[in-house]
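Student: This is the structure, below, for whatever I ask next.
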Amino acid sequence: KFQGRMTQGELAPVDGAKRMPKIIGISGPTRAGKTTLSYGIARTLCPGGDRHMPRCHNRDRVERFLNFAAGSAVNGYCVSIIGQDSYYKTGSPVTTWDDHEAIDHQHVLEALEAELSEPVADLIVFEGFKAFWCPKIVAKLDILIWIRVKEETSKARRMRSNRKVTEEIFEEMWKWHVDYEGQLYQIFQKDKRIVILTGEDAKEKVLEEALYHLKERKIVDSNILTARERSRSRRRKEANGQSATQELACANPSCWFRTSPDEADGGYCCKKCHWRHVSGFKSGKNHDKVCGKCPVAKDTPRATARTPTDPYPVEEEKAEVAAVPQAV
């Protein structure tokens with residue numbers, strides 16, 4: 001599909017044909033999971049060997065993911081991510097960053113048009129808390145993904161990840177969000193491109209549902225996505241030393257990862273998941289660094305719960321959570 005390697009952010013199609021990439025728009029309130037979903041899509045389509053691409057034509061706010069899978073039918077698949085948070089106006093008199101006037105929508109539009117004009121990206125992901133505000137930008141989107149979360153969820157996540165956000169500051173932020181959501185009434189009611197996801201769900205489930213809609217609406221070629229999913233699943237099985245016949249879900253009822261191949265983990269995906277299950281502790285990350293994080297189907301039978309041979313170091317975790325604010 002491509003010849004040679006990228007130099008200064010440029011790719012040259014072998015046949016010189018110009019490709020028209022699809023554009024995914026993702027929006028929702030603060031800490032709904034917009035950026036997490038954007039990177040999840042990029043890394044699903046460009047797994048393993050994905051890299052952050054060199055900056056292109058001075059557009060240092062556009063990130064590119066590329067996978068040169070030698071021998072693959074989808075060699076050189078490229079995903080560009082444009083994050084609206086990188087397009088705040090400089091020297092703006094606006095008193096709050098959550099006002100739509102604080103965003104340089106024209107600059108965003110120019111970045112999207114530049115990505116469309118070049119035969120580089122196969123897919124463009126545009127995400128932001130006011131991503132659907134500008135009609136000219138919305139007109140270019142092939143699918144609009146809205147991630148909805150409750151006010152209390154957004155507040156808890158925001159204040160946990162940034163201690164400078166007070167109750168008063170968040171109330172102001174949420175007021176701007178409600179105003180923005182109200183402006184999108186026509187989109188929610190009549191635009192057939194809209195897809196609404198629940199940000200209350202685990203990020204793995206949100207990604208799974210988003211990929212389903214992308215495939216169903218032909219935003220992403222089903223052959224590409226299927227090949228990537230199979231490759232990803234195979235690598236995870238190899239990494240965990242598991243065969244296809246070993247399929248048990250973690251003993252934690254709220255976890256949908258495969259159980260660890262190490263019997264010392266007591267039927268859980270990792271020791272930290274066991275600790276969170278029995279203690280009810282909610283802060284910090286859900287799993288430890290050695291967790292395989294291999295998703296399983298919802299009807300997969302669960303492993304029998306047992307206490308790990310060497311339980312998770314509780315005091316170490318509590319000290320870490322107390323010292324550093326953890327994002328959900």
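As shown in the structure tokens, the chain order sets the letters A, B, ...; within each chain, residues go from 1, and ligands are also counted from 1 in the order they appear.
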Taking 6 positions as the minimum chain separation for residues in the same chain, which residues sit within 6 Å of Cys269 (chain A) when counting only C-alpha atoms? Answer as a PyMOL selection string.
Tutor: chain A and resi 250+258-260
Student: Just to confirm, what's the straight-line distance from CA of Glu263 (chain A) to CA of Ala303 (chain A) in Å (one decimal)?
Tutor: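 Between these atoms lies a distance of 10.7 Å.
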Student: Rounded to one decimal place, report the CA of Tyr39 (chain A)-CA of Val220 (chain A) distance in Å.
Tutor: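 Going from CA of Tyr39 (chain A) over to CA of Val220 (chain A), I get 15.2 Å.
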Student: I'd like the neighbourhood of region 139-155 of chain A as a ChimeraX atom specification, where a residue qualifies if any of its atoms comes within 7 Å (using only C-alpha atoms), though same-chain residues fewer than 4 positions away should be ignored.
Tutor: /A:22-28,30-32,135,159,170,193-200
Student: Can you tell me, as JSON, numbers by chain, what residues are no more than 9 Å from Tyr87 (chain A) when counting only C-alpha atoms, ignoring any on the same chain fewer than 6 positions away?
Tutor: {"A": [61, 102, 103, 104, 105, 107, 108]}
Student: Taking the DSSP secondary structure from the backbone, can you list the residues of region 117-323 of chain A that are strand (DSSP E), as a PyMOL selection string?
Tutor: chain A and resi 123-127+143-148+194-198
Student: Restricting the calculation to only C-alpha atoms, which member of A:Arg306, A:Lys136, A:His100, A:Lys203 is positioned closest to Asn286 (chain A)?
Tutor: A:Lys203
Student: Kindly give the distance, in Å, that separates CA of Leu211 (chain A) and CA of Val125 (chain A), rounded to a single decimal.
Tutor: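 Distance reported for this atom pair: 12.8 Å.
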